[in-house]
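Below is protein22.txt, which holds compact mmCIF, C-alpha atoms and all ligand atoms.
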# COMPACT_ATOMS: atom_id res chain seq x y z
CA MET L 168 -54.80 -16.92 -21.67
CA TYR L 169 -57.82 -16.52 -19.46
CA LEU L 170 -59.33 -17.99 -16.30
CA ASN L 171 -62.11 -20.56 -16.22
CA THR L 172 -63.96 -21.45 -13.00
CA LYS L 173 -67.27 -23.04 -12.03
CA ILE L 174 -69.14 -19.77 -12.28
CA CYS L 175 -68.15 -19.30 -15.93
CA ASP L 176 -70.26 -22.36 -16.74
CA LEU L 177 -72.96 -21.53 -14.18
CA PHE L 178 -73.63 -18.08 -15.69
CA ASP L 179 -72.36 -18.85 -19.20
CA ILE L 180 -69.79 -16.03 -19.09
CA LYS L 181 -66.18 -15.86 -20.31
CA TYR L 182 -64.57 -14.35 -17.21
CA PRO L 183 -65.47 -15.09 -13.55
CA ILE L 184 -66.17 -11.43 -12.78
CA LEU L 185 -69.44 -9.91 -11.56
CA GLN L 186 -70.14 -6.20 -11.42
CA GLY L 187 -71.82 -5.15 -8.17
CA GLY L 188 -75.50 -4.19 -8.43
CA MET L 189 -75.02 -0.72 -7.03
CA ALA L 190 -78.10 1.48 -6.62
CA TRP L 191 -78.07 4.54 -8.95
CA VAL L 192 -74.73 3.49 -10.55
CA ALA L 193 -75.39 0.01 -11.92
CA THR L 194 -77.53 1.08 -14.86
CA GLY L 195 -78.25 -0.74 -18.10
CA GLU L 196 -75.29 1.07 -19.67
CA LEU L 197 -72.78 -0.21 -17.10
CA ALA L 198 -74.26 -3.70 -16.94
CA SER L 199 -74.26 -4.12 -20.72
CA ALA L 200 -70.64 -2.94 -20.97
CA VAL L 201 -69.59 -5.56 -18.41
CA SER L 202 -71.62 -8.34 -20.04
CA LYS L 203 -70.29 -7.41 -23.49
CA ALA L 204 -66.74 -7.56 -22.13
CA GLY L 205 -67.25 -11.14 -20.92
CA GLY L 206 -68.22 -10.59 -17.26
CA LEU L 207 -71.67 -10.62 -15.66
CA GLY L 208 -73.16 -7.13 -15.71
CA ILE L 209 -75.77 -6.49 -13.03
CA ILE L 210 -78.48 -3.82 -12.90
CA GLY L 211 -78.96 -2.43 -9.39
CA ALA L 212 -82.65 -2.12 -8.59
CA GLY L 213 -81.95 -0.24 -5.35
CA ASN L 214 -85.12 1.56 -4.26
CA ALA L 215 -86.32 2.13 -7.84
CA PRO L 216 -89.84 1.18 -8.98
CA LYS L 217 -90.63 -1.53 -11.53
CA ASP L 218 -90.99 0.64 -14.65
CA VAL L 219 -87.56 2.24 -14.16
CA ILE L 220 -85.80 -1.12 -13.86
CA LYS L 221 -87.79 -2.54 -16.77
CA GLU L 222 -86.27 0.17 -18.96
CA GLU L 223 -82.75 -0.67 -17.75
CA ILE L 224 -83.32 -4.36 -18.54
CA HIS L 225 -84.43 -3.43 -22.07
CA LYS L 226 -81.28 -1.31 -22.54
CA VAL L 227 -79.15 -4.39 -21.90
CA LYS L 228 -81.25 -6.70 -24.07
CA GLU L 229 -81.02 -4.23 -26.97
CA VAL L 230 -77.23 -4.24 -27.10
CA THR L 231 -76.17 -7.76 -26.10
CA ASP L 232 -77.37 -11.35 -26.03
CA ASN L 233 -74.89 -12.12 -23.28
CA ASN L 234 -76.20 -13.01 -19.85
CA PHE L 235 -76.74 -10.33 -17.23
CA GLY L 236 -78.35 -9.99 -13.83
CA VAL L 237 -80.53 -7.79 -11.65
CA ASN L 238 -79.70 -7.10 -8.01
CA ILE L 239 -82.73 -6.92 -5.73
CA MET L 240 -82.15 -4.75 -2.67
CA LEU L 241 -84.36 -6.42 -0.08
CA LEU L 242 -85.03 -3.25 1.95
CA SER L 243 -86.69 -1.63 -1.09
CA PRO L 244 -90.41 -0.85 -0.85
CA PHE L 245 -90.73 -2.31 -4.39
CA VAL L 246 -89.21 -5.76 -3.76
CA ASP L 247 -92.35 -7.70 -4.73
CA ASP L 248 -92.73 -5.72 -7.97
CA ILE L 249 -89.07 -6.26 -8.89
CA VAL L 250 -89.43 -10.01 -8.21
CA ASP L 251 -92.40 -10.08 -10.63
CA LEU L 252 -90.41 -8.05 -13.16
CA VAL L 253 -87.34 -10.31 -13.30
CA ILE L 254 -89.66 -13.28 -13.85
CA GLU L 255 -91.68 -11.50 -16.57
CA GLU L 256 -88.47 -10.42 -18.32
CA ASN L 257 -86.71 -13.80 -18.04
CA VAL L 258 -83.69 -12.20 -16.40
CA PRO L 259 -81.02 -14.95 -16.34
CA VAL L 260 -79.47 -14.17 -12.92
CA VAL L 261 -80.75 -12.49 -9.77
CA THR L 262 -78.49 -11.37 -6.94
CA THR L 263 -79.93 -10.14 -3.66
CA GLY L 264 -78.60 -7.88 -0.92
CA ALA L 265 -79.40 -6.36 2.45
CA GLY L 266 -81.50 -9.24 3.77
CA ASN L 267 -82.68 -12.83 3.57
CA PRO L 268 -84.28 -13.67 0.18
CA GLY L 269 -85.53 -17.08 1.41
CA LYS L 270 -89.22 -16.54 0.67
CA TYR L 271 -88.61 -15.69 -3.02
CA ILE L 272 -86.20 -18.50 -3.94
CA ASP L 273 -88.83 -21.07 -4.92
CA ARG L 274 -90.35 -18.70 -7.48
CA PHE L 275 -86.95 -17.84 -8.99
CA LYS L 276 -86.04 -21.52 -9.28
CA LYS L 277 -89.39 -22.44 -10.85
CA ASN L 278 -88.73 -19.79 -13.49
CA ASN L 279 -85.20 -21.01 -14.25
CA ILE L 280 -83.55 -17.94 -12.77
CA LYS L 281 -80.13 -18.43 -11.20
CA VAL L 282 -80.23 -17.02 -7.65
CA VAL L 283 -77.16 -15.66 -5.95
CA PRO L 284 -77.66 -13.96 -2.56
CA VAL L 285 -75.14 -11.81 -0.78
CA VAL L 286 -74.55 -13.48 2.57
CA SER L 287 -72.94 -11.97 5.62
CA SER L 288 -72.54 -15.14 7.71
CA VAL L 289 -71.94 -18.88 7.39
CA ALA L 290 -75.27 -19.64 9.10
CA LEU L 291 -77.32 -17.67 6.55
CA ALA L 292 -75.34 -19.21 3.68
CA LYS L 293 -76.04 -22.76 4.92
CA ARG L 294 -79.76 -22.02 5.28
CA LEU L 295 -79.97 -20.53 1.78
CA VAL L 296 -78.00 -23.36 0.18
CA ARG L 297 -80.65 -25.77 1.53
CA THR L 298 -83.34 -23.75 -0.30
CA GLY L 299 -81.49 -24.19 -3.61
CA VAL L 300 -79.44 -21.05 -4.32
CA ASP L 301 -76.93 -21.53 -7.15
CA ALA L 302 -73.98 -19.66 -5.61
CA VAL L 303 -73.38 -17.09 -2.89
CA ILE L 304 -71.61 -13.76 -2.81
CA ALA L 305 -69.36 -13.39 0.25
CA GLU L 306 -69.23 -9.63 0.63
CA GLY L 307 -66.80 -8.53 3.29
CA THR L 308 -67.00 -5.43 5.44
CA GLU L 309 -64.37 -3.81 3.19
CA ALA L 310 -67.14 -3.23 0.65
CA GLY L 311 -68.96 0.01 0.01
CA GLY L 312 -72.61 0.61 0.84
CA HIS L 313 -74.52 -1.52 3.32
CA ILE L 314 -72.12 -3.95 5.01
CA GLY L 315 -71.88 -6.90 7.36
CA ASP L 316 -69.23 -7.55 10.03
CA LEU L 317 -66.90 -10.21 8.62
CA THR L 318 -63.98 -9.44 6.35
CA THR L 319 -63.68 -11.03 2.91
CA MET L 320 -60.45 -12.70 4.07
CA THR L 321 -62.21 -14.53 6.94
CA MET L 322 -65.61 -15.19 5.40
CA VAL L 323 -64.57 -16.82 2.11
CA PRO L 324 -62.58 -19.76 3.54
CA GLN L 325 -65.13 -20.38 6.30
CA LEU L 326 -67.87 -20.54 3.67
CA ALA L 327 -65.73 -22.74 1.45
CA ASP L 328 -65.52 -25.27 4.31
CA ALA L 329 -69.25 -25.10 5.02
CA ILE L 330 -71.12 -25.11 1.69
CA ASP L 331 -70.79 -26.79 -1.68
CA VAL L 332 -72.06 -24.10 -4.06
CA PRO L 333 -69.60 -21.71 -5.73
CA ILE L 334 -68.54 -18.65 -3.74
CA ILE L 335 -68.03 -15.23 -5.26
CA ALA L 336 -65.77 -12.99 -3.19
CA ALA L 337 -66.61 -9.30 -2.91
CA GLY L 338 -65.35 -6.37 -0.87
CA GLY L 339 -61.79 -5.10 -1.13
CA ILE L 340 -61.03 -6.47 -4.59
CA ALA L 341 -59.98 -4.23 -7.48
CA ASP L 342 -56.92 -5.82 -9.07
CA GLY L 343 -55.22 -9.12 -9.84
CA ARG L 344 -53.65 -9.41 -6.40
CA GLY L 345 -57.07 -9.30 -4.75
CA PHE L 346 -58.53 -11.64 -7.36
CA ALA L 347 -55.73 -14.21 -6.89
CA ALA L 348 -56.16 -13.93 -3.11
CA ALA L 349 -59.90 -14.63 -3.46
CA LEU L 350 -59.20 -17.73 -5.56
CA SER L 351 -56.65 -18.89 -2.97
CA LEU L 352 -59.27 -18.56 -0.23
CA GLY L 353 -61.68 -20.82 -2.12
CA ALA L 354 -63.72 -18.40 -4.21
CA SER L 355 -64.69 -19.24 -7.80
CA GLY L 356 -64.87 -15.63 -8.88
CA VAL L 357 -65.10 -12.03 -7.74
CA GLN L 358 -67.59 -9.21 -7.68
CA MET L 359 -66.30 -5.65 -7.90
CA GLY L 360 -68.21 -2.46 -7.24
CA THR L 361 -65.97 0.52 -6.53
CA ARG L 362 -63.62 -0.39 -9.41
CA PHE L 363 -66.53 -0.24 -11.89
CA VAL L 364 -67.84 3.06 -10.47
CA CYS L 365 -64.61 4.52 -11.89
CA SER L 366 -65.20 3.28 -15.42
CA ILE L 367 -65.93 5.31 -18.54
CA GLU L 368 -69.31 3.58 -18.90
CA SER L 369 -70.36 4.37 -15.31
CA ILE L 370 -72.87 7.23 -15.15
CA ALA L 371 -71.64 8.32 -11.70
CA HIS L 372 -70.98 12.08 -11.62
CA ASP L 373 -67.38 13.09 -12.44
CA LYS L 374 -67.07 14.56 -8.94
CA TYR L 375 -68.04 11.14 -7.46
CA LYS L 376 -65.40 9.40 -9.57
CA ASP L 377 -62.82 12.06 -8.61
CA ALA L 378 -63.62 11.53 -4.91
CA ILE L 379 -62.83 7.82 -5.30
CA LYS L 380 -59.63 8.56 -7.24
CA LYS L 381 -58.49 11.00 -4.54
CA ALA L 382 -59.49 8.75 -1.61
CA ARG L 383 -56.75 7.37 0.62
CA ASP L 384 -56.62 4.10 2.55
CA ARG L 385 -58.69 5.18 5.59
CA ASP L 386 -61.20 7.48 3.89
CA ALA L 387 -64.03 4.95 3.41
CA VAL L 388 -65.71 5.10 6.81
CA VAL L 389 -68.78 3.47 8.33
CA THR L 390 -71.81 5.47 9.41
CA GLY L 391 -75.16 4.35 10.80
CA ARG L 392 -73.95 1.49 13.03
CA SER L 393 -76.50 2.53 15.66
CA THR L 394 -79.35 2.08 13.16
CA GLY L 395 -78.57 -1.57 12.46
CA HIS L 396 -77.87 -0.69 8.80
CA PRO L 397 -74.23 0.35 8.69
CA VAL L 398 -73.07 1.96 5.46
CA ARG L 399 -69.52 2.49 4.19
CA ASN L 400 -69.02 5.80 2.42
CA LEU L 401 -66.24 8.32 1.85
CA LYS L 402 -65.63 10.70 4.76
CA ASN L 403 -67.27 14.10 4.18
CA LYS L 404 -69.60 16.68 5.73
CA LEU L 405 -72.47 14.14 5.79
CA THR L 406 -70.50 11.36 7.51
CA ARG L 407 -69.24 13.83 10.14
CA LYS L 408 -72.81 15.04 10.78
CA ILE L 409 -74.08 11.46 11.17
CA ASP L 410 -71.11 10.63 13.44
CA ASN L 411 -72.05 13.54 15.70
CA MET L 412 -75.69 12.46 15.81
CA GLU L 413 -74.60 8.93 16.73
CA LYS L 414 -72.31 10.28 19.49
CA GLN L 415 -75.26 12.23 20.86
CA GLU L 416 -77.32 9.05 20.66
CA ALA L 417 -79.87 10.56 18.31
CA ALA L 418 -82.96 8.50 17.49
CA LYS L 419 -82.47 5.80 14.87
CA GLU L 420 -85.24 7.34 12.72
CA LYS L 421 -83.53 10.75 12.73
CA ILE L 422 -80.24 9.20 11.56
CA GLU L 423 -81.94 7.18 8.84
CA GLU L 424 -83.74 10.32 7.71
CA MET L 425 -80.34 12.02 7.30
CA GLY L 426 -79.24 9.31 4.88
CA ALA L 427 -82.41 9.22 2.78
CA GLY L 428 -81.88 10.27 -0.83
CA LYS L 429 -78.23 11.05 -0.20
CA LEU L 430 -76.80 8.40 -2.53
CA ARG L 431 -78.74 9.77 -5.51
CA GLU L 432 -77.60 13.27 -4.60
CA ALA L 433 -73.93 12.24 -4.73
CA VAL L 434 -74.09 9.90 -7.75
CA ARG L 435 -76.34 11.94 -9.99
CA GLU L 436 -75.84 15.55 -8.87
CA GLY L 437 -72.21 15.36 -7.76
CA ASN L 438 -72.89 16.66 -4.25
CA ILE L 439 -69.95 14.86 -2.74
CA GLU L 440 -69.86 16.87 0.51
CA THR L 441 -73.52 16.62 1.51
CA GLY L 442 -74.34 13.36 -0.29
CA SER L 443 -73.46 9.73 0.52
CA VAL L 444 -70.39 8.74 -1.53
CA MET L 445 -70.63 4.98 -1.06
CA ALA L 446 -67.32 3.26 -1.81
CA GLY L 447 -65.27 0.38 -0.50
CA GLN L 448 -61.95 0.51 1.36
CA ILE L 449 -60.14 -0.33 -1.87
CA ALA L 450 -61.02 3.20 -3.11
CA GLY L 451 -57.57 4.17 -1.77
CA MET L 452 -55.99 2.08 -4.52
CA ILE L 453 -58.10 3.32 -7.44
CA ASP L 454 -56.63 6.34 -9.19
CA ASP L 455 -57.91 6.14 -12.74
CA GLU L 456 -61.06 5.88 -14.81
CA LEU L 457 -60.86 3.17 -17.49
CA PRO L 458 -63.13 1.56 -20.05
CA VAL L 459 -64.89 -1.52 -18.60
CA LYS L 460 -63.18 -3.75 -21.16
CA GLU L 461 -59.76 -2.56 -20.00
CA ILE L 462 -60.63 -3.05 -16.31
CA ILE L 463 -61.64 -6.64 -17.04
CA ASN L 464 -58.73 -7.49 -19.34
CA ASN L 465 -56.21 -5.92 -16.94
CA ILE L 466 -57.46 -7.80 -13.89
CA ILE L 467 -57.50 -11.16 -15.68
CA ASN L 468 -53.94 -10.65 -16.95
CA GLU L 469 -52.75 -9.47 -13.52
CA THR L 470 -54.38 -12.43 -11.78
CA ILE L 471 -52.62 -14.89 -14.09
CA GLU L 472 -49.31 -13.06 -13.46
CA VAL L 473 -49.80 -13.31 -9.69
CA ILE L 474 -50.62 -17.01 -9.85
CA GLU L 475 -47.54 -17.65 -12.00
CA LYS L 476 -45.34 -15.53 -9.72
CA ASN L 477 -46.54 -17.48 -6.68
CA ARG L 478 -45.53 -20.73 -8.36
CA ASN L 479 -41.94 -19.49 -8.24
CA TYR L 480 -41.94 -19.72 -4.43
CA ILE L 481 -42.17 -23.50 -4.64
CA ARG L 482 -38.99 -25.49 -4.01
CA GLU L 483 -38.40 -29.23 -4.33
O1 LIG Y 1 -76.78 -4.53 -0.05
C1 LIG Y 1 -75.61 -4.27 -0.17
N1 LIG Y 1 -75.14 -3.02 -0.31
C2 LIG Y 1 -75.94 -1.90 -0.30
S1 LIG Y 1 -77.62 -1.87 -0.18
C3 LIG Y 1 -77.63 -0.22 -0.21
S2 LIG Y 1 -79.08 0.72 -0.07
C4 LIG Y 1 -79.12 1.01 1.61
N2 LIG Y 1 -78.84 2.23 2.01
C5 LIG Y 1 -78.87 2.53 3.33
C6 LIG Y 1 -79.17 1.57 4.28
C7 LIG Y 1 -79.39 0.29 3.87
C8 LIG Y 1 -79.37 0.00 2.51
C9 LIG Y 1 -76.37 0.25 -0.31
N3 LIG Y 1 -75.45 -0.71 -0.37
N4 LIG Y 1 -74.68 -5.24 -0.19
C10 LIG Y 1 -75.05 -6.59 0.02
C11 LIG Y 1 -75.14 -6.90 1.45
N5 LIG Y 1 -76.03 -7.71 1.95
N6 LIG Y 1 -74.36 -6.43 2.43
C12 LIG Y 1 -74.79 -6.99 3.59
C13 LIG Y 1 -75.84 -7.79 3.26
C14 LIG Y 1 -76.65 -8.63 4.10
C15 LIG Y 1 -76.95 -8.29 5.40
C16 LIG Y 1 -77.77 -9.12 6.17
C17 LIG Y 1 -77.18 -9.81 3.56
C18 LIG Y 1 -77.97 -10.62 4.33
C19 LIG Y 1 -78.27 -10.28 5.62
O2 LIG Y 1 -79.08 -11.12 6.29
C20 LIG Y 1 -79.67 -10.73 7.48
C21 LIG Y 1 -80.74 -11.74 7.77
O3 LIG Y 1 -81.90 -11.39 7.54
O4 LIG Y 1 -80.39 -12.86 8.16
Translate the structure described by the file into C-alpha cells.
Amino acid sequence: MYLNTKICDLFDIKYPILQGGMAWVATGELASAVSKAGGLGIIGAGNAPKDVIKEEIHKVKEVTDNNFGVNIMLLSPFVDDIVDLVIEENVPVVTTGAGNPGKYIDRFKKNNIKVVPVVSSVALAKRLVRTGVDAVIAEGTEAGGHIGDLTTMTMVPQLADAIDVPIIAAGGIADGRGFAAALSLGASGVQMGTRFVCSIESIAHDKYKDAIKKARDRDAVVTGRSTGHPVRNLKNKLTRKIDNMEKQEAAKEKIEEMGAGKLREAVREGNIETGSVMAGQIAGMIDDELPVKEIINNIINETIEVIEKNRNYIRE
C-alpha cells in the first residue's frame, strides 16, 4: 500500500514527500537519495554561487532520471544567477524560501518549471497563487532555520480554505502521526528537513546529527527576532551569546554578523557549540540515523496505520 495525492501527479513522484532544501545539508547526494526513493529530493542553493549548485544538479542527473528540485533562498546574493541556472539546467521543480519570489514566477512558468514557494501567511499565498504558482509550502514556526510566525497546525487549514492549489505542510513533521495530521488539515503532502538531516546520506557532520538525536523537546530555540530574520537552532554557546546581545539591544548588524557563516561551521566542521545548529522543534523526537529509503518507507507505512486506526473511532 502507498499514498497517492495531487502532488504525486504534479511532480510525477511516487510518494507525497519533499525533502527540505536546507543550505549546506541538501546536497546532490541527499536530494538524489530522496528522489530515488520515490520522494522529491531538493538541492538547497542557500548562499552558494552558481557553479557550486550546477555541480550538485549534475550529481543528481547522473544517478537518477526521477524528478528533483532546487530551493532558491531569496536572501542570497546569487539569486539571479541561480534563477538563470535552474532554467539552463531544465530543473523540474523550484521551491523558494525567505521572501517573495513574485518577480521570477513568469520566467519559471515560461520555462515549464513547477514553482512552489514557501509562504508564511494566507495573504502572500493568495497573491502568489494569482501569479500562477503550482503549489505552496506551508512552513510553520516549528521548523528549523529561518521561520515565520504561524504554526503548521493553524496555517494549513487557513490556507486550505483560501487557495485552490495543493498545500505541502512543513515544520514539525517527522513521522506518520505528523503526516496524517497534515493530511487531516488539508495538506496534499509534507516536506521534512530535520528528519532527513539525520539520514545516512546526509553529509551533515556526525556531531550535528548527534546534537539532533540528543535534543529534547524545548532545545530548538529562536534567535535573531530583533533582526527581522528569526532563526530556529539548537540551544548552545552561540544562541546564548546572541540572546545576550538581543537583551542588551545590540545593533541588528552586529547580531547578523554573529550568525554569518555559522551554519557551515556546524554542518561541515562539526562545531556544534559555536556554530548554528539549525533544526526544527521535532528534533526532540528524532533519535536515530536511518537510510533515506527507510525514513520514507517507515513514514508512509506509519501514516497508513494512523489513518486506519482513526477509522476505528467511528461509530454508527
Ligand atoms: O527559508 C527558510 N529557511 C531557511 S533560509 C536560511 S538561510 C538564513 N540564515 C539566516 C537568516 C536568514 C536566512 C535558513 N533557513 N524556510 C522557508 C521560509 N520562508 N521560512 C519563512 C519564509 C518566508 C518568510 C517571509 C517566506 C516568505 C516571506 O515573505 C515575506 C514577504 O516578502 O512577503
Any idea what's packed within 6 Å of Gly307 in chain L, counting all atoms listed in the file, ignoring anything in its chain fewer than 2 positions away? Could you give it as an NGL selection string?
-> :L and (309-310 or 317-319 or 338)
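The nearest approach to ligand LIG 1 (chain Y) among the residues L:Lys381, L:Arg297, L:Arg431, L:Lys414, with only C-alpha atoms and all ligand atoms taken into account, belongs to L:Arg431.
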Counting all atoms listed in the file, the option among L:Gly315, L:Gly442, L:Gly360, L:Gly345 closest to Asn400 in chain L | L:Gly442
Test item: residues at most 10 Å from range 211-228 of chain L, only C-alpha atoms, excluding those fewer than 6 positions along its chain, as an mmCIF file with C-alpha atoms, keeping the file's coordinate frame:
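To be explicit, this is the file written out as result.cif:
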data_model
loop_
_atom_site.group_PDB
_atom_site.id
_atom_site.type_symbol
_atom_site.label_atom_id
_atom_site.label_comp_id
_atom_site.auth_asym_id
_atom_site.auth_seq_id
_atom_site.Cartn_x
_atom_site.Cartn_y
_atom_site.Cartn_z
ATOM 1 C CA GLN L 186 -70.140 -6.200 -11.420
ATOM 2 C CA GLY L 187 -71.820 -5.150 -8.170
ATOM 3 C CA GLY L 188 -75.500 -4.190 -8.430
ATOM 4 C CA MET L 189 -75.020 -0.720 -7.030
ATOM 5 C CA ALA L 190 -78.100 1.480 -6.620
ATOM 6 C CA TRP L 191 -78.070 4.540 -8.950
ATOM 7 C CA VAL L 192 -74.730 3.490 -10.550
ATOM 8 C CA ALA L 193 -75.390 0.010 -11.920
ATOM 9 C CA THR L 194 -77.530 1.080 -14.860
ATOM 10 C CA GLY L 195 -78.250 -0.740 -18.100
ATOM 11 C CA GLU L 196 -75.290 1.070 -19.670
ATOM 12 C CA LEU L 197 -72.780 -0.210 -17.100
ATOM 13 C CA ALA L 198 -74.260 -3.700 -16.940
ATOM 14 C CA SER L 199 -74.260 -4.120 -20.720
ATOM 15 C CA ALA L 200 -70.640 -2.940 -20.970
ATOM 16 C CA SER L 202 -71.620 -8.340 -20.040
ATOM 17 C CA LYS L 203 -70.290 -7.410 -23.490
ATOM 18 C CA ASN L 234 -76.200 -13.010 -19.850
ATOM 19 C CA PHE L 235 -76.740 -10.330 -17.230
ATOM 20 C CA GLY L 236 -78.350 -9.990 -13.830
ATOM 21 C CA VAL L 237 -80.530 -7.790 -11.650
ATOM 22 C CA ASN L 238 -79.700 -7.100 -8.010
ATOM 23 C CA ILE L 239 -82.730 -6.920 -5.730
ATOM 24 C CA MET L 240 -82.150 -4.750 -2.670
ATOM 25 C CA LEU L 241 -84.360 -6.420 -0.080
ATOM 26 C CA LEU L 242 -85.030 -3.250 1.950
ATOM 27 C CA SER L 243 -86.690 -1.630 -1.090
ATOM 28 C CA PRO L 244 -90.410 -0.850 -0.850
ATOM 29 C CA PHE L 245 -90.730 -2.310 -4.390
ATOM 30 C CA VAL L 246 -89.210 -5.760 -3.760
ATOM 31 C CA ASP L 247 -92.350 -7.700 -4.730
ATOM 32 C CA ASP L 248 -92.730 -5.720 -7.970
ATOM 33 C CA ILE L 249 -89.070 -6.260 -8.890
ATOM 34 C CA VAL L 250 -89.430 -10.010 -8.210
ATOM 35 C CA ASP L 251 -92.400 -10.080 -10.630
ATOM 36 C CA LEU L 252 -90.410 -8.050 -13.160
ATOM 37 C CA VAL L 253 -87.340 -10.310 -13.300
ATOM 38 C CA GLU L 255 -91.680 -11.500 -16.570
ATOM 39 C CA GLU L 256 -88.470 -10.420 -18.320
ATOM 40 C CA VAL L 258 -83.690 -12.200 -16.400
ATOM 41 C CA THR L 262 -78.490 -11.370 -6.940
ATOM 42 C CA THR L 263 -79.930 -10.140 -3.660
ATOM 43 C CA GLY L 264 -78.600 -7.880 -0.920
ATOM 44 C CA GLY L 428 -81.880 10.270 -0.830
#
Skipping near chain neighbours, those fewer than 3 positions away, what residues fall within 9 Å of Asp377 in chain L using only C-alpha atoms, listed as a list of chain:residue names?
-> L:Cys365, L:His372, L:Asp373, L:Lys374, L:Lys380, L:Lys381, L:Ala382, L:Asp454, L:Asp455, L:Glu456
Closest-contact table, chain L side, partner ligand LIG 1 (chain Y), 6 Å, counting only C-alpha atoms and all ligand atoms, as JSON lines:
{"residue": "L:Met240", "atom": "CA", "partner": "Y:LIG1", "partner_atom": "S1", "distance": 5.9}
{"residue": "L:Gly264", "atom": "CA", "partner": "Y:LIG1", "partner_atom": "N5", "distance": 3.9}
{"residue": "L:Ala265", "atom": "CA", "partner": "Y:LIG1", "partner_atom": "N5", "distance": 3.7}
{"residue": "L:Gly266", "atom": "CA", "partner": "Y:LIG1", "partner_atom": "C18", "distance": 3.8}
{"residue": "L:Asn267", "atom": "CA", "partner": "Y:LIG1", "partner_atom": "O3", "distance": 4.3}
{"residue": "L:Val285", "atom": "CA", "partner": "Y:LIG1", "partner_atom": "N5", "distance": 5.0}
{"residue": "L:Val286", "atom": "CA", "partner": "Y:LIG1", "partner_atom": "C17", "distance": 4.6}
{"residue": "L:Ser287", "atom": "CA", "partner": "Y:LIG1", "partner_atom": "C17", "distance": 5.2}
{"residue": "L:Leu291", "atom": "CA", "partner": "Y:LIG1", "partner_atom": "O4", "distance": 5.9}
{"residue": "L:Gly312", "atom": "CA", "partner": "Y:LIG1", "partner_atom": "N3", "distance": 3.4}
{"residue": "L:His313", "atom": "CA", "partner": "Y:LIG1", "partner_atom": "N3", "distance": 3.9}
{"residue": "L:Ile314", "atom": "CA", "partner": "Y:LIG1", "partner_atom": "N6", "distance": 4.2}
{"residue": "L:Gly315", "atom": "CA", "partner": "Y:LIG1", "partner_atom": "C12", "distance": 4.8}
{"residue": "L:His396", "atom": "CA", "partner": "Y:LIG1", "partner_atom": "C6", "distance": 5.2}
Tell me which protein, DNA and RNA residues are within 8 Å of Phe363 in chain L, counting only C-alpha atoms, leaving out same-chain ones fewer than 5 positions away, and put them as a PyMOL selection string.
-> chain L and resi 186+369+459+462
Determine, counting only C-alpha atoms, every residue of protein, DNA or RNA that lies within 12 Å of (-50.6, -17.7, -8.2) in the file coordinates, then give the result as a ChimeraX atom specification.
-> /L:170,343-352,468-481
